[in-house]
Every structure is written in C-alpha cells, then in structure tokens.
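> Here you go, this is protein08.tsv (TSV, C-alpha atoms).
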```tsv
chain	number	residue	atom	x	y	z
A	16	MET	CA	68.11	139.02	44.01
A	17	LYS	CA	70.70	136.36	43.26
A	18	LEU	CA	73.35	138.43	45.03
A	19	LEU	CA	71.10	138.74	48.10
A	20	SER	CA	70.53	134.98	48.18
A	21	VAL	CA	74.28	134.28	48.07
A	22	VAL	CA	74.97	136.74	50.92
A	23	THR	CA	72.20	135.20	53.04
A	24	ALA	CA	73.62	131.68	52.52
A	25	LEU	CA	77.12	132.80	53.52
A	26	LEU	CA	75.82	134.45	56.67
A	27	ALA	CA	73.89	131.30	57.62
A	28	ALA	CA	76.97	129.13	57.10
A	29	GLY	CA	79.10	131.52	59.15
A	30	SER	CA	76.68	131.46	62.05
A	31	THR	CA	76.65	127.64	62.00
A	32	VAL	CA	80.44	127.49	62.09
A	33	ALA	CA	80.56	130.14	64.83
A	34	PHE	CA	78.32	128.10	67.12
A	35	ALA	CA	79.95	124.70	66.43
A	36	PRO	CA	82.80	125.03	69.07
A	37	SER	CA	80.31	125.76	71.82
A	38	LYS	CA	78.76	122.27	71.35
A	39	MET	CA	82.19	120.60	71.63
A	40	GLY	CA	82.88	122.57	74.77
A	41	GLY	CA	79.62	121.27	76.26
A	42	ALA	CA	80.59	117.70	75.44
A	43	ARG	CA	83.99	118.21	77.08
A	44	SER	CA	82.25	119.57	80.18
A	45	VAL	CA	80.06	116.45	80.39
A	46	VAL	CA	83.09	114.17	79.98
A	47	SER	CA	84.99	116.07	82.70
A	48	THR	CA	82.03	115.78	85.04
A	49	ASN	CA	81.77	112.03	84.41
A	50	MET	CA	85.52	111.56	85.00
A	51	ALA	CA	85.32	113.47	88.29
A	52	ALA	CA	82.39	111.34	89.40
A	53	SER	CA	84.31	108.18	88.50
A	54	GLU	CA	87.35	109.36	90.49
A	55	GLU	CA	85.15	110.12	93.52
A	56	LEU	CA	83.56	106.65	93.24
A	57	TYR	CA	87.03	105.07	93.06
A	58	ILE	CA	88.16	106.98	96.16
A	59	ASP	CA	85.00	105.93	98.02
A	60	GLU	CA	85.65	102.27	97.12
A	61	GLU	CA	89.22	102.55	98.45
A	62	ARG	CA	87.99	104.10	101.69
A	63	ARG	CA	85.33	101.42	102.09
A	64	PHE	CA	87.90	98.66	101.50
A	65	LEU	CA	90.28	100.22	104.05
A	66	MET	CA	87.52	100.52	106.65
A	67	ASN	CA	86.56	96.88	106.10
A	68	LEU	CA	90.18	95.84	106.69
A	69	ILE	CA	90.34	97.87	109.90
A	70	LEU	CA	87.07	96.40	111.18
A	71	LEU	CA	88.16	92.86	110.26
A	72	GLY	CA	91.53	93.29	111.98
A	73	SER	CA	90.05	94.73	115.17
A	74	GLY	CA	87.48	91.93	115.26
A	75	ALA	CA	90.15	89.27	114.86
A	76	LEU	CA	92.23	90.81	117.67
A	77	THR	CA	89.21	90.89	119.97
A	78	ILE	CA	88.28	87.28	119.26
A	79	GLY	CA	91.91	86.22	119.72
A	80	ALA	CA	92.22	88.05	123.03
A	81	ILE	CA	89.11	86.34	124.36
A	82	GLY	CA	89.43	82.95	122.66
A	83	VAL	CA	93.09	82.06	123.30
A	84	PRO	CA	92.89	82.18	127.12
A	85	TYR	CA	89.56	80.32	126.96
A	86	ILE	CA	91.10	77.50	124.91
A	87	ALA	CA	94.26	77.47	127.03
A	88	PHE	CA	92.10	76.99	130.14
A	89	PHE	CA	91.08	73.54	128.88
A	90	VAL	CA	94.60	72.41	127.97
A	91	PRO	CA	96.03	70.30	130.79
A	92	PRO	CA	99.02	72.05	132.38
A	93	GLY	CA	101.07	68.89	132.37
A	94	ALA	CA	100.17	67.52	128.96
A	95	GLY	CA	103.85	67.50	128.04
A	96	GLY	CA	106.00	64.47	127.71
A	97	GLY	CA	107.58	63.26	124.55
A	98	SER	CA	110.92	65.07	124.29
A	99	GLY	CA	111.34	67.31	127.34
A	100	GLY	CA	108.71	65.99	129.74
A	101	THR	CA	107.00	67.82	132.60
A	102	PRO	CA	108.99	69.10	135.60
A	103	ALA	CA	108.05	67.57	138.96
A	104	LYS	CA	106.86	70.30	141.32
A	105	ASP	CA	106.51	70.54	145.07
A	106	ALA	CA	103.45	71.68	147.04
A	107	LEU	CA	104.35	75.33	146.41
A	108	GLY	CA	104.65	74.83	142.65
A	109	ASN	CA	108.46	74.98	142.57
A	110	ASP	CA	110.51	72.70	140.33
A	111	ILE	CA	112.14	69.82	142.20
A	112	PHE	CA	115.89	69.32	141.69
A	113	ALA	CA	117.21	65.79	142.10
A	114	GLN	CA	120.36	66.53	144.13
A	115	ALA	CA	118.60	68.63	146.75
A	116	TYR	CA	115.61	66.28	146.87
A	117	LEU	CA	117.69	63.14	147.39
A	118	SER	CA	119.76	64.81	150.09
A	119	GLU	CA	116.58	65.38	152.12
A	120	LYS	CA	114.90	61.99	151.62
A	121	PRO	CA	115.77	58.61	153.14
A	122	ALA	CA	116.14	55.37	151.18
A	123	ASN	CA	112.82	53.72	150.18
A	124	ASP	CA	111.02	57.04	150.58
A	125	ARG	CA	107.85	57.66	148.62
A	126	SER	CA	106.76	61.29	148.65
A	127	LEU	CA	104.21	63.14	146.57
A	128	ALA	CA	104.97	65.63	143.82
A	129	GLN	CA	102.89	67.30	141.15
A	130	GLY	CA	103.18	65.21	138.00
A	131	LEU	CA	101.59	64.81	134.58
A	132	LYS	CA	98.35	66.76	134.12
A	133	GLY	CA	98.87	68.09	137.63
A	134	ASP	CA	98.13	64.69	139.21
A	135	ALA	CA	99.69	63.77	142.56
A	136	THR	CA	102.55	61.40	141.74
A	137	TYR	CA	104.96	59.52	143.99
A	138	LEU	CA	108.69	59.95	143.58
A	139	ILE	CA	110.46	56.78	144.70
A	140	VAL	CA	113.91	56.79	146.33
A	141	LYS	CA	115.69	53.44	145.96
A	142	GLU	CA	117.94	51.66	148.46
A	143	ASP	CA	121.06	53.24	146.92
A	144	LYS	CA	119.57	56.74	147.34
A	145	THR	CA	118.91	57.23	143.65
A	146	LEU	CA	115.58	57.90	141.99
A	147	GLU	CA	113.50	55.06	140.59
A	148	ASN	CA	112.99	55.44	136.85
A	149	TYR	CA	109.23	55.57	137.24
A	150	GLY	CA	106.74	57.49	139.33
A	151	LEU	CA	103.38	56.25	140.60
A	152	ASN	CA	100.15	58.17	140.12
A	153	ALA	CA	98.60	58.45	143.59
A	154	VAL	CA	94.98	58.30	142.41
A	155	CYS	CA	93.25	55.09	143.48
A	156	THR	CA	91.87	53.10	140.56
A	157	HIS	CA	88.71	52.30	142.49
A	158	LEU	CA	86.97	55.64	143.05
A	159	GLY	CA	89.76	58.21	142.68
A	160	CYS	CA	90.93	58.83	146.24
A	161	VAL	CA	94.56	59.85	146.78
A	162	VAL	CA	96.31	56.81	148.24
A	163	PRO	CA	98.85	57.49	151.03
A	164	TRP	CA	102.07	55.50	151.47
A	165	SER	CA	102.38	53.55	154.72
A	166	SER	CA	106.06	53.02	155.45
A	167	ALA	CA	105.18	50.92	158.51
A	168	ASN	CA	103.26	48.45	156.32
A	169	ASN	CA	105.48	48.94	153.26
A	170	LYS	CA	102.51	49.47	150.94
A	171	PHE	CA	100.02	52.03	149.71
A	172	MET	CA	96.76	51.87	151.67
A	173	CYS	CA	93.64	53.68	150.51
A	174	PRO	CA	91.61	55.06	153.44
A	175	CYS	CA	88.38	55.28	151.42
A	176	HIS	CA	87.52	51.64	150.72
A	177	GLY	CA	90.52	49.63	151.87
A	178	SER	CA	92.34	49.05	148.57
A	179	GLN	CA	96.04	48.26	148.96
A	180	TYR	CA	98.97	48.43	146.56
A	181	ALA	CA	102.48	47.02	146.63
A	182	PRO	CA	105.53	49.37	146.69
A	183	ASN	CA	105.55	49.29	142.87
A	184	GLY	CA	101.83	50.14	142.65
A	185	ALA	CA	100.52	46.65	141.86
A	186	VAL	CA	97.17	45.75	143.44
A	187	VAL	CA	97.50	43.75	146.67
A	188	ARG	CA	93.90	43.94	147.82
A	189	GLY	CA	90.68	45.22	146.25
A	190	PRO	CA	88.27	46.65	145.54
A	191	ALA	CA	90.74	48.52	143.29
A	192	PRO	CA	90.66	46.72	139.91
A	193	LEU	CA	93.87	48.11	138.41
A	194	PRO	CA	97.42	49.04	139.48
A	195	LEU	CA	98.47	52.65	140.00
A	196	ALA	CA	99.37	54.39	136.74
A	197	LEU	CA	103.03	54.71	135.79
A	198	ALA	CA	105.02	57.71	134.54
A	199	HIS	CA	108.65	57.86	133.45
A	200	CYS	CA	110.87	59.67	135.95
A	201	ASP	CA	114.21	61.08	134.78
A	202	VAL	CA	116.70	63.77	135.70
A	203	ALA	CA	117.25	66.50	133.10
A	204	ASP	CA	120.63	68.05	132.26
A	205	ASP	CA	119.85	71.00	134.51
A	206	GLY	CA	119.14	68.69	137.45
A	207	LYS	CA	115.34	68.95	137.42
A	208	ILE	CA	113.26	65.83	138.00
A	209	MET	CA	111.08	65.26	134.96
A	210	PHE	CA	107.97	63.16	134.36
A	211	SER	CA	106.94	61.89	130.93
A	212	PRO	CA	104.14	59.55	129.78
A	213	TRP	CA	104.67	55.81	130.15
A	214	THR	CA	103.58	54.38	126.81
A	215	GLU	CA	105.29	50.98	127.04
A	216	ASP	CA	103.72	47.83	128.48
A	217	ASP	CA	103.08	47.74	132.21
A	218	PHE	CA	105.95	45.66	133.65
A	219	ARG	CA	103.73	44.60	136.58
A	220	THR	CA	101.03	43.02	134.42
A	221	GLY	CA	102.93	42.33	131.20
A	222	GLY	CA	100.20	44.04	129.17
A	223	LYS	CA	99.40	47.48	127.85
A	224	GLY	CA	99.01	50.13	130.52
A	225	TRP	CA	95.33	50.83	131.18
A	226	TRP	CA	96.02	54.63	131.29
A	227	ASN	CA	97.13	54.71	127.63
```
Now that the file is in, can you turn its structure into structure tokens?


Amino acid sequence: MKLLSVVTALLAAGSTVAFAPSKMGGARSVVSTNMAASEELYIDEERRFLMNLILLGSGALTIGAIGVPYIAFFVPPGAGGGSGGTPAKDALGNDIFAQAYLSEKPANDRSLAQGLKGDATYLIVKEDKTLENYGLNAVCTHLGCVVPWSSANNKFMCPCHGSQYAPNGAVVRGPAPLPLALAHCDVADDGKIMFSPWTEDDFRTGGKGWWN
C-alpha cells in the first residue's frame, strides 16, 4: 500500500510539471496579442496625426489664396513713399520719365498725372523747364471735384462751386476752406518722376499740412 501511494504521488507531480509549460505559452500568447494591439494603435495615431496635418495645410492654403487678394484689394495702390516713393503715371498707367516729359511740356505747364493713392496730381514745370519739387493734388478741398488748371487766368478754377487756387495751390477764393494737398516730386536715378508724401509743414500756410 505504501508503495502504491508513492507511485501515485509521483505520477501526480509529473502530470503537474507536464502541464506547466502550456500555461506559460498561454501567457506569452496574451502578451503578444496585447503588443500587436498596441502597435496597431500607435500606427493609427500616426496616421491620424498625418491626416490632421494634411487637412490643416490644405485649409491654410485655401484661406491664404482667398484672403490675400481680398486684403490686397483694400491696400491703396499708391501708399508708398518713404524711401522709394510712388512713380508718377500717365493716363494709360505708364511710368512718366522726366526727360521725355519735360521735352513735351512748355514752361509753367501744369498737367495731371496719377499720384499717391491713385489721386490726380499736377506736375509743375518751372520757368527754367525743370520740375517743381512738389506736386499738387487736384482734388478740391470743398466737395472733392477735380480742379482744372486755367493757363489763361494763371490759377486753378473749380467748375463745381467756383473755388479758386493760386499756381502753388493756395486758396484764392472760397468756398474751398483749405489749399490743395502737397506731395514731394523728385526724379529717380532711372529717370522716373516719383511722388512721396509731404510730411513737413505747409510752406503756404506755415502750419502742419491738413492732409497729414
């Protein structure tokens, strides 16, 4: 009986040992499955991040393509000045070159060009056939009409309400309350006539220019 009990115990122990590796294999299978799931989750996160970047980039390009021209529409075309200035342009939008311009104009001529912010601006030819160092904005300071130059009367005469200005743009007769606005007029190295903002005092009134 004792011998039978010993044999039975050994067989039981052997069967326990025999089945032990199968439990470890099951645990390894679970770990492998979890690792695979983690890797798939990591890949999905990378894909999601990449798709978000693509969507964000395409959205930014679309907004830029629409927004930049919209903003540029409200920027005045002649808002330059400072260093280079704004080229004077003729009625066709071509840059005006001083040498050619002066060869075509008589002394004391006052002809219109496109100036700062696209405003009509008078170029003034002096007695010695050189350009005056300032241009005159042609917009009447009363109600905004464009004031023509009358060479016969030697003054600017507004046809709307009778305002008159001297050759330098100072008010001669109302109802205009203020002189015509000034702009610097210079010749660039390449020969182009350039306008730039007049920020100094108005030499006609001795005070700050009303347009500043």

> Please provide the set of residues having any atom within 10 Å of A:Asn183, restricted to only C-alpha atoms, with same-chain residues fewer than 3 positions apart removed, written as a list in words.

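With the cut-off at 10 Å, the set is Ile139, Tyr149, Gly150, Leu151, Lys170, Phe171, Tyr180, Val186, Pro194, Leu195, Leu197, Phe218 and Arg219 of chain A.
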
> Interatomic distance between atom CA of A:Glu119 and atom CA of A:Asp134?

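Between these atoms lies a distance of 22.5 Å.
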
> To one decimal place in Å, what is the distance between atom CA of A:Gly224 and atom CA of A:Ser166?

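Straight-line distance from atom CA of A:Gly224 to atom CA of A:Ser166 works out to 26.1 Å.
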
> Point out the residue among A:Thr101, A:Thr220, A:Asn227, A:Ser178 with the least atom-to-atom distance to A:Cys200, counting all atoms listed in the file.

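Going through A:Thr101, A:Thr220, A:Asn227, A:Ser178 one by one, the smallest distance to A:Cys200 is for A:Thr101.
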
> What is the atom CA of A:Trp226-atom CA of A:Lys144 distance in Å, reported with one decimal?

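So the two atoms, atom CA of A:Trp226 and atom CA of A:Lys144, lie 28.6 Å apart.
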
> With all atoms listed in the file as the atoms that count, which of A:Pro192, A:Gly72, A:Gly206, A:Pro121 lies nearest to A:Trp225?

A:Pro192
